[in-house]
Amino acid sequence: MRKCIVVLLLLLLTASSAWANGQALQERAYFPPVLMYHDIKVKPINGFDVSVDDFQAQLAWLAQEGYQTLSMDEFLQYVDTKRPFPEKTVLITFDDGYEGIYQYAAPALAKYKMKATFFIFKKGLNSALTGYPYLTDKQLQELAANPLFSIQSHTMTHADLSAISKQELQYELKASKQFIESVTNKPCRIIAFPFGHYNSEVLQTAKEAGYDVAFSVSDLGLQGQAAKYSIPRIYMGVALGQNKMELFKKYLHTYKTMPLEAFKEQFGELPQ
């Protein structure tokens with residue numbers, strides 16, 4: 001009798017887990033594909049770079065295929081009202097705020113009248129890593145003034161939010177929100193987690209800080225929150241421009257059903 005009860009409990013737990021995973025997939029599948037770029041360069045030096053030529057080719061393909069890019073305001077309107085997104089909609093996002101988005105991405109996007117969102121962390125502004133200058137305050141203001149573009153939060157210092165104290169976490173989220181609002185004069189309702197890392201505390205704190213949507217990179221699960229607080233993104237990089245953009249096209253077509261391992265970083269130095 002005891003053995004039968006144990007088996008029954010195991011079956012119930014398995015069924016519950018399968019139901020939860022099904023619910024997660026159903027919720028996740030609500031969103032349109034989300035592309036995550038970092039820097040646009042004439043000659044990539046890292047796996048997460050995208051060349052100017054590849055970026056222009058990707059935008060040209062999206063236009064040719066009839067894709068509609070969404071601003072974050074438009075995206076939020078669908079999320080707030082829970083209306084289904086039109087077919088062939090896509091979100092174009094950039095993390096960190098490298099100068100290449102001002103020099104190369106913004107002009108290419110404007111050429112095709114496509115919308116994009118730039119996730120900015122304050123500490124990076126007016127500084128540079130080797131080979132990677134960041135935006136200046138003036139460049140950021142110019143981007144913020146363009147109606148094609150949205151500026152949203154990427155925290156204050158680009159810290160790994162899953163590895164800091166509660167007090168530090170609250171600072172990174174709240175102070176960044178205030179900073180972005182001071183730049184744009186609009187409510188900042190969206191954040192992208194640095195490194196894509198999050199846990200249940202990060203998601204709950206983001207919600208408490210006043211964010212209505214959060215983007216990750218990898219799909220690490222819902223962690224007890226709605227799917228809109230951990231939306232995975234397609235990690236754009238050198239690999240997605242190869243073989244006539246084979247991976248780029250595949251990921252756009254299969255975003256809603258992509259396996260977890262497909263949401264992986266393209267980080268790493270390229271061979272010289």
# chains A, B, ... in the order shown; residues from 1 in each chain; ligands from 1
>>> residues_around(residues="region 189-193 of chain A", least_positions_apart="5", cutoff="6 Å", atoms="only C-alpha atoms", output="list in words")
Gln152, Ser153, His154, Tyr211, Asp212, Val213, Ala214, Phe215 and Ser216 of chain A
>>> residues_around(residues="region 164-179 of chain A", least_positions_apart="2", cutoff="7 Å", atoms="only C-alpha atoms", output="PyMOL selection string")
chain A and resi 153+155-156+160-162+181-183+188+205-206+209
>>> residues_around(residues="Phe55 (chain A)", least_positions_apart="2", cutoff="12 Å", atoms="only C-alpha atoms", output="compact mmCIF listing (two decimals) with N, CA and C atoms, in the first residue's frame")
# COMPACT_ATOMS: atom_id res chain seq x y z
N LEU A 35 15.83 40.14 -30.74
CA LEU A 35 17.24 40.07 -31.11
C LEU A 35 18.06 40.87 -30.12
N TYR A 37 21.73 42.49 -29.79
CA TYR A 37 23.05 42.87 -30.32
C TYR A 37 23.87 43.52 -29.21
N HIS A 38 25.17 43.57 -29.43
CA HIS A 38 26.06 44.35 -28.57
C HIS A 38 26.66 45.48 -29.41
N ASP A 39 27.76 45.21 -30.10
CA ASP A 39 28.42 46.26 -30.88
C ASP A 39 28.36 45.95 -32.37
N ILE A 40 28.35 47.02 -33.17
CA ILE A 40 28.43 46.91 -34.62
C ILE A 40 29.78 47.49 -35.04
N LYS A 41 30.57 46.69 -35.74
CA LYS A 41 31.92 47.11 -36.11
C LYS A 41 32.19 46.85 -37.59
N VAL A 42 33.08 47.66 -38.16
CA VAL A 42 33.50 47.40 -39.54
C VAL A 42 34.16 46.03 -39.61
N LYS A 43 35.04 45.75 -38.63
CA LYS A 43 35.71 44.44 -38.55
C LYS A 43 35.54 43.90 -37.13
N PRO A 44 34.72 42.88 -36.94
CA PRO A 44 34.51 42.32 -35.60
C PRO A 44 35.82 41.84 -34.97
N ASP A 49 30.35 40.64 -31.58
CA ASP A 49 30.25 41.75 -32.54
C ASP A 49 29.45 41.32 -33.76
N VAL A 50 28.87 42.28 -34.44
CA VAL A 50 28.25 42.06 -35.74
C VAL A 50 28.84 43.09 -36.69
N SER A 51 29.26 42.63 -37.87
CA SER A 51 29.88 43.56 -38.82
C SER A 51 28.82 44.49 -39.41
N VAL A 52 29.28 45.64 -39.88
CA VAL A 52 28.38 46.60 -40.53
C VAL A 52 27.66 45.93 -41.69
N ASP A 53 28.41 45.18 -42.49
CA ASP A 53 27.81 44.51 -43.66
C ASP A 53 26.75 43.51 -43.24
N ALA A 57 22.71 43.63 -43.91
CA ALA A 57 22.09 42.49 -44.61
C ALA A 57 20.93 41.93 -43.79
N GLN A 58 21.07 41.89 -42.46
CA GLN A 58 20.00 41.39 -41.61
C GLN A 58 18.79 42.31 -41.65
N LEU A 59 19.02 43.62 -41.62
CA LEU A 59 17.91 44.57 -41.71
C LEU A 59 17.24 44.47 -43.08
N ALA A 60 18.04 44.32 -44.12
CA ALA A 60 17.48 44.21 -45.47
C ALA A 60 16.60 42.97 -45.58
N TRP A 61 17.05 41.86 -44.97
CA TRP A 61 16.26 40.62 -45.01
C TRP A 61 14.95 40.79 -44.25
N LEU A 62 15.02 41.42 -43.07
CA LEU A 62 13.79 41.66 -42.29
C LEU A 62 12.80 42.49 -43.10
N ILE A 92 14.26 44.62 -31.82
CA ILE A 92 15.70 44.76 -32.01
C ILE A 92 16.25 45.47 -30.78
N GLY A 100 29.54 52.00 -31.41
CA GLY A 100 29.17 51.47 -32.71
C GLY A 100 27.68 51.58 -33.00
N ILE A 101 26.85 51.62 -31.97
CA ILE A 101 25.41 51.75 -32.23
C ILE A 101 25.08 53.15 -32.72
N TYR A 104 27.13 53.27 -36.50
CA TYR A 104 26.72 52.35 -37.58
C TYR A 104 25.29 51.84 -37.47
N ALA A 105 24.87 51.45 -36.26
CA ALA A 105 23.53 50.85 -36.12
C ALA A 105 22.43 51.87 -36.36
N ALA A 106 22.53 53.02 -35.70
CA ALA A 106 21.46 54.02 -35.81
C ALA A 106 21.24 54.48 -37.26
N PRO A 107 22.29 54.81 -38.02
CA PRO A 107 22.07 55.20 -39.42
C PRO A 107 21.43 54.09 -40.26
N ALA A 108 21.85 52.84 -40.04
CA ALA A 108 21.28 51.72 -40.80
C ALA A 108 19.81 51.52 -40.44
N LEU A 109 19.49 51.62 -39.16
CA LEU A 109 18.10 51.48 -38.72
C LEU A 109 17.25 52.60 -39.30
N TYR A 112 16.18 52.10 -42.92
CA TYR A 112 15.05 51.19 -43.11
C TYR A 112 13.82 51.59 -42.27
N MET A 236 22.84 37.76 -30.82
CA MET A 236 23.40 38.08 -32.13
C MET A 236 24.92 38.18 -32.04
N GLY A 237 25.59 37.69 -33.07
CA GLY A 237 27.04 37.74 -33.12
C GLY A 237 27.52 37.33 -34.48
N VAL A 238 28.83 37.15 -34.60
CA VAL A 238 29.45 36.81 -35.88
C VAL A 238 28.81 35.57 -36.50
N LEU A 240 25.90 34.43 -36.60
CA LEU A 240 24.59 34.55 -37.25
C LEU A 240 24.65 35.24 -38.62
N GLY A 241 25.83 35.72 -38.98
CA GLY A 241 25.99 36.28 -40.31
C GLY A 241 26.61 35.31 -41.29
N GLN A 242 27.02 34.15 -40.80
CA GLN A 242 27.72 33.18 -41.65
C GLN A 242 26.74 32.32 -42.44
N MET A 245 23.48 33.82 -43.60
CA MET A 245 22.61 34.10 -42.45
C MET A 245 21.71 32.92 -42.11
N PHE A 248 20.59 33.02 -38.45
CA PHE A 248 19.73 34.18 -38.24
C PHE A 248 18.30 33.88 -38.69
>>> select_by_dssp(residues="region 97-256 of chain A", states="strand (DSSP E or B)", output="JSON, numbers by chain")
{"A": [98, 116, 117, 118, 119, 120, 128, 129, 132, 133, 134, 149, 150, 151, 152, 153, 190, 191, 192, 213, 214, 215, 231, 234, 235]}
>>> closest_residue(among="A:Thr117, A:Glu74, A:Tyr235, A:Pro84", to="Glu27 (chain A)", atoms="only C-alpha atoms")
A:Pro84
>>> residues_around(residues="Asp73 (chain A)", least_positions_apart="4", cutoff="10 Å", atoms="only C-alpha atoms", output="list in words")
Gln77, Tyr78, Val79, Ser150 and Arg189 of chain A
>>> residues_around(residues="Leu148 (chain A)", least_positions_apart="6", cutoff="9 Å", atoms="only C-alpha atoms", output="list in words")
Ser71, Leu109, Ala110, Lys113, Met114, Lys115, Ala116 and Thr117 of chain A
>>> write_last_selection(atoms="N, CA and C atoms", output="PDB file, in the first residue's frame")
ATOM      1  N   SER A  71       8.655  49.513 -31.308  1.00  0.00           N
ATOM      2  CA  SER A  71       9.250  50.317 -30.253  1.00  0.00           C
ATOM      3  C   SER A  71       8.855  49.683 -28.923  1.00  0.00           C
ATOM      4  N   LEU A 109      19.494  51.617 -39.156  1.00  0.00           N
ATOM      5  CA  LEU A 109      18.105  51.484 -38.719  1.00  0.00           C
ATOM      6  C   LEU A 109      17.247  52.605 -39.300  1.00  0.00           C
ATOM      7  N   ALA A 110      17.784  53.820 -39.283  1.00  0.00           N
ATOM      8  CA  ALA A 110      17.045  54.958 -39.828  1.00  0.00           C
ATOM      9  C   ALA A 110      16.794  54.787 -41.321  1.00  0.00           C
ATOM     10  N   LYS A 113      13.937  52.714 -41.549  1.00  0.00           N
ATOM     11  CA  LYS A 113      12.871  53.186 -40.671  1.00  0.00           C
ATOM     12  C   LYS A 113      12.464  52.119 -39.667  1.00  0.00           C
ATOM     13  N   MET A 114      13.487  51.459 -39.116  1.00  0.00           N
ATOM     14  CA  MET A 114      13.264  50.405 -38.138  1.00  0.00           C
ATOM     15  C   MET A 114      13.528  50.909 -36.729  1.00  0.00           C
ATOM     16  N   LYS A 115      12.773  50.374 -35.779  1.00  0.00           N
ATOM     17  CA  LYS A 115      12.861  50.794 -34.386  1.00  0.00           C
ATOM     18  C   LYS A 115      13.778  49.852 -33.604  1.00  0.00           C
ATOM     19  N   ALA A 116      14.408  50.406 -32.583  1.00  0.00           N
ATOM     20  CA  ALA A 116      15.303  49.597 -31.755  1.00  0.00           C
ATOM     21  C   ALA A 116      15.346  50.157 -30.351  1.00  0.00           C
ATOM     22  N   THR A 117      15.791  49.316 -29.412  1.00  0.00           N
ATOM     23  CA  THR A 117      15.928  49.701 -28.009  1.00  0.00           C
ATOM     24  C   THR A 117      17.372  49.535 -27.577  1.00  0.00           C
TER      25      THR A 117
END
>>> select_by_dssp(residues="region 48-140 of chain A", states="helix (DSSP H, G or I)", output="PDB file with N, CA and C atoms, in the first residue's frame")
ATOM      1  N   VAL A  52      29.278  45.639 -39.881  1.00  0.00           N
ATOM      2  CA  VAL A  52      28.381  46.596 -40.525  1.00  0.00           C
ATOM      3  C   VAL A  52      27.664  45.932 -41.692  1.00  0.00           C
ATOM      4  N   ASP A  53      28.413  45.176 -42.487  1.00  0.00           N
ATOM      5  CA  ASP A  53      27.812  44.509 -43.658  1.00  0.00           C
ATOM      6  C   ASP A  53      26.753  43.506 -43.240  1.00  0.00           C
ATOM      7  N   ASP A  54      27.058  42.699 -42.213  1.00  0.00           N
ATOM      8  CA  ASP A  54      26.083  41.695 -41.765  1.00  0.00           C
ATOM      9  C   ASP A  54      24.843  42.364 -41.178  1.00  0.00           C
ATOM     10  N   PHE A  55      25.043  43.426 -40.413  1.00  0.00           N
ATOM     11  CA  PHE A  55      23.903  44.116 -39.813  1.00  0.00           C
ATOM     12  C   PHE A  55      22.988  44.690 -40.893  1.00  0.00           C
ATOM     13  N   GLN A  56      23.569  45.317 -41.877  1.00  0.00           N
ATOM     14  CA  GLN A  56      22.763  45.870 -42.959  1.00  0.00           C
ATOM     15  C   GLN A  56      22.041  44.761 -43.725  1.00  0.00           C
ATOM     16  N   ALA A  57      22.714  43.628 -43.914  1.00  0.00           N
ATOM     17  CA  ALA A  57      22.086  42.495 -44.613  1.00  0.00           C
ATOM     18  C   ALA A  57      20.927  41.933 -43.795  1.00  0.00           C
ATOM     19  N   GLN A  58      21.074  41.892 -42.464  1.00  0.00           N
ATOM     20  CA  GLN A  58      20.000  41.389 -41.607  1.00  0.00           C
ATOM     21  C   GLN A  58      18.786  42.311 -41.649  1.00  0.00           C
ATOM     22  N   LEU A  59      19.022  43.622 -41.621  1.00  0.00           N
ATOM     23  CA  LEU A  59      17.914  44.566 -41.713  1.00  0.00           C
ATOM     24  C   LEU A  59      17.236  44.474 -43.077  1.00  0.00           C
ATOM     25  N   ALA A  60      18.036  44.320 -44.117  1.00  0.00           N
ATOM     26  CA  ALA A  60      17.477  44.208 -45.467  1.00  0.00           C
ATOM     27  C   ALA A  60      16.603  42.966 -45.578  1.00  0.00           C
ATOM     28  N   TRP A  61      17.047  41.859 -44.969  1.00  0.00           N
ATOM     29  CA  TRP A  61      16.257  40.621 -45.014  1.00  0.00           C
ATOM     30  C   TRP A  61      14.948  40.789 -44.251  1.00  0.00           C
ATOM     31  N   LEU A  62      15.019  41.418 -43.066  1.00  0.00           N
ATOM     32  CA  LEU A  62      13.792  41.657 -42.295  1.00  0.00           C
ATOM     33  C   LEU A  62      12.798  42.494 -43.098  1.00  0.00           C
ATOM     34  N   ALA A  63      13.302  43.526 -43.775  1.00  0.00           N
ATOM     35  CA  ALA A  63      12.429  44.380 -44.587  1.00  0.00           C
ATOM     36  C   ALA A  63      11.840  43.598 -45.755  1.00  0.00           C
ATOM     37  N   GLN A  64      12.674  42.808 -46.405  1.00  0.00           N
ATOM     38  CA  GLN A  64      12.231  42.011 -47.558  1.00  0.00           C
ATOM     39  C   GLN A  64      11.173  40.993 -47.164  1.00  0.00           C
ATOM     40  N   MET A  72       9.523  50.075 -27.844  1.00  0.00           N
ATOM     41  CA  MET A  72       9.148  49.535 -26.549  1.00  0.00           C
ATOM     42  C   MET A  72       7.776  50.026 -26.104  1.00  0.00           C
ATOM     43  N   ASP A  73       7.413  51.232 -26.503  1.00  0.00           N
ATOM     44  CA  ASP A  73       6.066  51.711 -26.190  1.00  0.00           C
ATOM     45  C   ASP A  73       5.010  50.819 -26.843  1.00  0.00           C
ATOM     46  N   GLU A  74       5.240  50.477 -28.104  1.00  0.00           N
ATOM     47  CA  GLU A  74       4.302  49.596 -28.815  1.00  0.00           C
ATOM     48  C   GLU A  74       4.285  48.208 -28.192  1.00  0.00           C
ATOM     49  N   PHE A  75       5.471  47.705 -27.851  1.00  0.00           N
ATOM     50  CA  PHE A  75       5.582  46.393 -27.215  1.00  0.00           C
ATOM     51  C   PHE A  75       4.791  46.363 -25.911  1.00  0.00           C
ATOM     52  N   LEU A  76       4.933  47.411 -25.113  1.00  0.00           N
ATOM     53  CA  LEU A  76       4.234  47.476 -23.832  1.00  0.00           C
ATOM     54  C   LEU A  76       2.720  47.566 -23.997  1.00  0.00           C
ATOM     55  N   GLN A  77       2.274  48.221 -25.058  1.00  0.00           N
ATOM     56  CA  GLN A  77       0.832  48.306 -25.310  1.00  0.00           C
ATOM     57  C   GLN A  77       0.227  46.917 -25.512  1.00  0.00           C
ATOM     58  N   TYR A  78       0.941  46.068 -26.242  1.00  0.00           N
ATOM     59  CA  TYR A  78       0.455  44.701 -26.429  1.00  0.00           C
ATOM     60  C   TYR A  78       0.506  43.916 -25.123  1.00  0.00           C
ATOM     61  N   VAL A  79       1.604  44.071 -24.382  1.00  0.00           N
ATOM     62  CA  VAL A  79       1.757  43.341 -23.121  1.00  0.00           C
ATOM     63  C   VAL A  79       0.708  43.796 -22.106  1.00  0.00           C
ATOM     64  N   ASP A  80       0.515  45.103 -21.998  1.00  0.00           N
ATOM     65  CA  ASP A  80      -0.436  45.646 -21.012  1.00  0.00           C
ATOM     66  C   ASP A  80      -1.868  45.177 -21.282  1.00  0.00           C
ATOM     67  N   THR A  81      -2.238  45.129 -22.558  1.00  0.00           N
ATOM     68  CA  THR A  81      -3.612  44.764 -22.918  1.00  0.00           C
ATOM     69  C   THR A  81      -3.764  43.274 -23.228  1.00  0.00           C
ATOM     70  N   GLY A 100      29.542  52.003 -31.406  1.00  0.00           N
ATOM     71  CA  GLY A 100      29.168  51.473 -32.713  1.00  0.00           C
ATOM     72  C   GLY A 100      27.682  51.579 -33.003  1.00  0.00           C
ATOM     73  N   ILE A 101      26.852  51.621 -31.966  1.00  0.00           N
ATOM     74  CA  ILE A 101      25.415  51.748 -32.232  1.00  0.00           C
ATOM     75  C   ILE A 101      25.080  53.152 -32.722  1.00  0.00           C
ATOM     76  N   TYR A 102      25.889  54.124 -32.292  1.00  0.00           N
ATOM     77  CA  TYR A 102      25.682  55.501 -32.753  1.00  0.00           C
ATOM     78  C   TYR A 102      26.255  55.682 -34.160  1.00  0.00           C
ATOM     79  N   GLN A 103      27.446  55.134 -34.377  1.00  0.00           N
ATOM     80  CA  GLN A 103      28.124  55.325 -35.653  1.00  0.00           C
ATOM     81  C   GLN A 103      27.502  54.513 -36.787  1.00  0.00           C
ATOM     82  N   TYR A 104      27.126  53.269 -36.504  1.00  0.00           N
ATOM     83  CA  TYR A 104      26.724  52.352 -37.578  1.00  0.00           C
ATOM     84  C   TYR A 104      25.291  51.843 -37.470  1.00  0.00           C
ATOM     85  N   ALA A 105      24.869  51.446 -36.258  1.00  0.00           N
ATOM     86  CA  ALA A 105      23.535  50.850 -36.122  1.00  0.00           C
ATOM     87  C   ALA A 105      22.432  51.869 -36.360  1.00  0.00           C
ATOM     88  N   ALA A 106      22.527  53.023 -35.698  1.00  0.00           N
ATOM     89  CA  ALA A 106      21.465  54.024 -35.808  1.00  0.00           C
ATOM     90  C   ALA A 106      21.237  54.485 -37.257  1.00  0.00           C
ATOM     91  N   PRO A 107      22.290  54.806 -38.018  1.00  0.00           N
ATOM     92  CA  PRO A 107      22.067  55.201 -39.417  1.00  0.00           C
ATOM     93  C   PRO A 107      21.434  54.094 -40.255  1.00  0.00           C
ATOM     94  N   ALA A 108      21.853  52.837 -40.039  1.00  0.00           N
ATOM     95  CA  ALA A 108      21.279  51.724 -40.798  1.00  0.00           C
ATOM     96  C   ALA A 108      19.812  51.521 -40.437  1.00  0.00           C
ATOM     97  N   LEU A 109      19.494  51.617 -39.156  1.00  0.00           N
ATOM     98  CA  LEU A 109      18.105  51.484 -38.719  1.00  0.00           C
ATOM     99  C   LEU A 109      17.247  52.605 -39.300  1.00  0.00           C
ATOM    100  N   ALA A 110      17.784  53.820 -39.283  1.00  0.00           N
ATOM    101  CA  ALA A 110      17.045  54.958 -39.828  1.00  0.00           C
ATOM    102  C   ALA A 110      16.794  54.787 -41.321  1.00  0.00           C
ATOM    103  N   LYS A 111      17.762  54.222 -42.027  1.00  0.00           N
ATOM    104  CA  LYS A 111      17.618  53.982 -43.467  1.00  0.00           C
ATOM    105  C   LYS A 111      16.396  53.120 -43.748  1.00  0.00           C
ATOM    106  N   TYR A 112      16.175  52.105 -42.922  1.00  0.00           N
ATOM    107  CA  TYR A 112      15.046  51.189 -43.109  1.00  0.00           C
ATOM    108  C   TYR A 112      13.823  51.591 -42.266  1.00  0.00           C
ATOM    109  N   LYS A 122      24.841  53.190 -16.713  1.00  0.00           N
ATOM    110  CA  LYS A 122      25.386  54.540 -16.557  1.00  0.00           C
ATOM    111  C   LYS A 122      26.910  54.562 -16.483  1.00  0.00           C
ATOM    112  N   LYS A 123      27.515  53.632 -15.761  1.00  0.00           N
ATOM    113  CA  LYS A 123      28.961  53.666 -15.532  1.00  0.00           C
ATOM    114  C   LYS A 123      29.753  53.596 -16.840  1.00  0.00           C
ATOM    115  N   GLY A 124      29.169  52.974 -17.881  1.00  0.00           N
ATOM    116  CA  GLY A 124      29.898  52.839 -19.133  1.00  0.00           C
ATOM    117  C   GLY A 124      30.027  54.130 -19.921  1.00  0.00           C
ATOM    118  N   ASP A 137      27.676  61.171 -23.341  1.00  0.00           N
ATOM    119  CA  ASP A 137      26.384  61.730 -22.923  1.00  0.00           C
ATOM    120  C   ASP A 137      25.662  62.381 -24.097  1.00  0.00           C
ATOM    121  N   LYS A 138      26.406  63.112 -24.918  1.00  0.00           N
ATOM    122  CA  LYS A 138      25.817  63.820 -26.052  1.00  0.00           C
ATOM    123  C   LYS A 138      25.227  62.837 -27.062  1.00  0.00           C
ATOM    124  N   GLN A 139      25.954  61.762 -27.360  1.00  0.00           N
ATOM    125  CA  GLN A 139      25.456  60.756 -28.308  1.00  0.00           C
ATOM    126  C   GLN A 139      24.206  60.082 -27.776  1.00  0.00           C
ATOM    127  N   LEU A 140      24.195  59.797 -26.469  1.00  0.00           N
ATOM    128  CA  LEU A 140      23.021  59.179 -25.872  1.00  0.00           C
ATOM    129  C   LEU A 140      21.813  60.108 -25.976  1.00  0.00           C
TER     130      LEU A 140
END
>>> residues_around(residues="Pro32 (chain A)", least_positions_apart="6", cutoff="8 Å", atoms="only C-alpha atoms", output="JSON, numbers by chain")
{"A": [85, 88, 89, 90, 91, 255, 256]}
>>> write_last_selection(atoms="N, CA and C atoms", output="CSV table (one decimal), in the first residue's frame")
chain,number,residue,atom,x,y,z
A,85,PHE,N,0.4,39.7,-30.5
A,85,PHE,CA,1.2,40.4,-31.4
A,85,PHE,C,0.9,40.0,-32.9
A,88,LYS,N,5.0,38.3,-37.8
A,88,LYS,CA,6.2,38.9,-38.3
A,88,LYS,C,6.5,40.3,-37.7
A,89,THR,N,6.4,40.3,-36.3
A,89,THR,CA,6.9,41.4,-35.6
A,89,THR,C,8.2,41.0,-34.9
A,90,VAL,N,9.1,41.9,-34.6
A,90,VAL,CA,10.4,41.6,-34.0
A,90,VAL,C,10.9,42.8,-33.2
A,91,LEU,N,11.5,42.5,-32.1
A,91,LEU,CA,12.2,43.5,-31.3
A,91,LEU,C,13.7,43.5,-31.6
A,255,TYR,N,11.9,31.0,-33.0
A,255,TYR,CA,12.1,31.6,-31.7
A,255,TYR,C,11.2,31.0,-30.6
A,256,LYS,N,9.9,30.9,-30.9
A,256,LYS,CA,8.9,30.4,-29.9
A,256,LYS,C,9.2,29.0,-29.4
>>> atom_distance(atom1="CA of Leu260 (chain A)", atom2="CA of Ser218 (chain A)")
7.0 Å
>>> atom_distance(atom1="CA of Lys250 (chain A)", atom2="CA of Val34 (chain A)")
13.3 Å
